[in-house]
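input.txt, holding compact mmCIF, N, CA and C atoms:
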# COMPACT_ATOMS: atom_id res chain seq x y z
N GLU A 1 23.16 -4.14 17.97
CA GLU A 1 23.35 -2.87 18.65
C GLU A 1 23.12 -1.70 17.69
N TRP A 2 23.59 -1.88 16.46
CA TRP A 2 23.44 -0.80 15.48
C TRP A 2 21.98 -0.59 15.13
N VAL A 3 21.23 -1.68 15.02
CA VAL A 3 19.80 -1.57 14.71
C VAL A 3 19.08 -0.90 15.86
N GLU A 4 19.39 -1.32 17.08
CA GLU A 4 18.76 -0.71 18.26
C GLU A 4 19.09 0.77 18.35
N ALA A 5 20.28 1.15 17.95
CA ALA A 5 20.70 2.56 17.99
C ALA A 5 20.19 3.34 16.77
N GLU A 6 19.45 2.66 15.89
CA GLU A 6 18.88 3.27 14.68
C GLU A 6 19.93 3.90 13.77
N VAL A 7 21.12 3.28 13.74
CA VAL A 7 22.21 3.80 12.91
C VAL A 7 21.82 3.82 11.44
N PHE A 8 21.24 2.72 10.95
CA PHE A 8 20.91 2.62 9.52
C PHE A 8 19.79 3.56 9.14
N ALA A 9 18.80 3.70 9.98
CA ALA A 9 17.69 4.62 9.69
C ALA A 9 18.20 6.06 9.64
N ARG A 10 19.09 6.41 10.57
CA ARG A 10 19.63 7.78 10.58
C ARG A 10 20.54 8.02 9.38
N LEU A 11 21.34 7.01 9.02
CA LEU A 11 22.21 7.13 7.85
C LEU A 11 21.38 7.30 6.58
N HIS A 12 20.32 6.51 6.46
CA HIS A 12 19.43 6.62 5.31
C HIS A 12 18.83 8.02 5.23
N GLN A 13 18.34 8.53 6.35
CA GLN A 13 17.75 9.87 6.36
C GLN A 13 18.78 10.94 6.02
N MET A 14 19.98 10.80 6.55
CA MET A 14 21.04 11.77 6.25
C MET A 14 21.39 11.79 4.76
N MET A 15 21.44 10.60 4.14
CA MET A 15 21.75 10.54 2.72
C MET A 15 20.63 11.15 1.88
N LEU A 16 19.37 10.87 2.25
CA LEU A 16 18.25 11.49 1.54
C LEU A 16 18.29 13.00 1.68
N ASP A 17 18.59 13.49 2.87
CA ASP A 17 18.68 14.94 3.08
C ASP A 17 19.81 15.55 2.24
N LEU A 18 20.96 14.90 2.24
CA LEU A 18 22.12 15.40 1.50
C LEU A 18 21.83 15.41 0.00
N LEU A 19 21.35 14.28 -0.53
CA LEU A 19 21.07 14.19 -1.95
C LEU A 19 19.91 15.10 -2.35
N GLY A 20 18.91 15.20 -1.49
CA GLY A 20 17.77 16.07 -1.78
C GLY A 20 18.17 17.53 -1.86
N SER A 21 19.00 17.97 -0.92
CA SER A 21 19.42 19.37 -0.92
C SER A 21 20.35 19.68 -2.09
N ALA A 22 21.03 18.67 -2.62
CA ALA A 22 21.91 18.85 -3.78
C ALA A 22 21.13 18.73 -5.09
N GLY A 23 19.82 18.43 -5.00
CA GLY A 23 19.02 18.27 -6.20
C GLY A 23 19.35 16.99 -6.96
N ALA A 24 19.89 16.02 -6.26
CA ALA A 24 20.34 14.78 -6.91
C ALA A 24 19.31 13.66 -6.88
N ILE A 25 18.11 13.94 -6.40
CA ILE A 25 17.06 12.93 -6.37
C ILE A 25 15.93 13.37 -7.30
N ASP A 26 15.60 12.51 -8.23
CA ASP A 26 14.50 12.78 -9.15
C ASP A 26 13.23 12.15 -8.58
N TRP A 27 12.48 12.92 -7.79
CA TRP A 27 11.30 12.40 -7.11
C TRP A 27 10.18 12.05 -8.07
N SER A 28 10.26 12.52 -9.33
CA SER A 28 9.22 12.18 -10.29
C SER A 28 9.28 10.70 -10.67
N ARG A 29 10.39 10.05 -10.37
CA ARG A 29 10.54 8.64 -10.68
C ARG A 29 10.51 7.77 -9.43
N ALA A 30 10.08 8.32 -8.32
CA ALA A 30 10.04 7.57 -7.05
C ALA A 30 8.73 6.83 -6.92
N SER A 31 8.76 5.72 -6.22
CA SER A 31 7.53 4.97 -5.93
C SER A 31 7.61 4.40 -4.53
N VAL A 32 6.47 4.09 -3.99
CA VAL A 32 6.39 3.53 -2.65
C VAL A 32 5.70 2.18 -2.75
N ASP A 33 6.24 1.20 -2.09
CA ASP A 33 5.65 -0.13 -2.11
C ASP A 33 5.79 -0.72 -0.72
N ALA A 34 4.81 -1.48 -0.32
CA ALA A 34 4.88 -2.13 0.99
C ALA A 34 4.13 -3.45 0.92
N MET A 35 4.64 -4.40 1.69
CA MET A 35 3.98 -5.70 1.75
C MET A 35 4.24 -6.29 3.12
N GLN A 36 3.24 -6.88 3.68
CA GLN A 36 3.40 -7.56 4.96
C GLN A 36 2.98 -9.00 4.76
N VAL A 37 3.82 -9.90 5.21
CA VAL A 37 3.58 -11.33 5.04
C VAL A 37 3.72 -12.00 6.40
N ARG A 38 2.76 -12.86 6.72
CA ARG A 38 2.82 -13.58 7.98
C ARG A 38 3.99 -14.56 7.97
N ALA A 39 4.72 -14.64 9.08
CA ALA A 39 5.84 -15.57 9.20
C ALA A 39 5.29 -16.96 9.48
N VAL A 40 5.18 -17.76 8.43
CA VAL A 40 4.54 -19.07 8.51
C VAL A 40 5.28 -19.99 9.48
N LYS A 41 6.59 -19.90 9.53
CA LYS A 41 7.37 -20.80 10.37
C LYS A 41 7.67 -20.20 11.74
N GLY A 42 6.91 -19.21 12.16
CA GLY A 42 7.06 -18.66 13.49
C GLY A 42 8.13 -17.62 13.66
N GLY A 43 8.61 -17.04 12.57
CA GLY A 43 9.62 -15.99 12.67
C GLY A 43 9.05 -14.73 13.31
N THR A 44 9.91 -13.82 13.67
CA THR A 44 9.47 -12.58 14.29
C THR A 44 9.45 -11.45 13.27
Serialized structure, structure tokens:
Amino acid sequence: EWVEAEVFARLHQMMLDLLGSAGAIDWSRASVDAMQVRAVKGGT
């Protein structure tokens, strides 16, 4: 239910907004990474 209600995504965004506005995030050390892997055993 929490995932469907996007509670974690909203909480994550709220924390980024709060920390960003306080100058507590050093974006010069941030990185982005992504990987997609096929679910070999039929997972979703």
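Going from atom C of Gln36 in chain A to atom C of Met14 in chain A covers 27.8 Å.
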Would you mind reading off the distance between atom N of Trp27 in chain A and CA of Met15 in chain A, one decimal, in Å?
->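 Between atom N of Trp27 in chain A and CA of Met15 in chain A the gap is 14.2 Å.
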Just how far from atom N of Ala5 in chain A is atom C of Ile25 in chain A, in Å to one decimal?
->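 Between atom C of Ile25 in chain A and atom N of Ala5 in chain A the gap is 28.4 Å.
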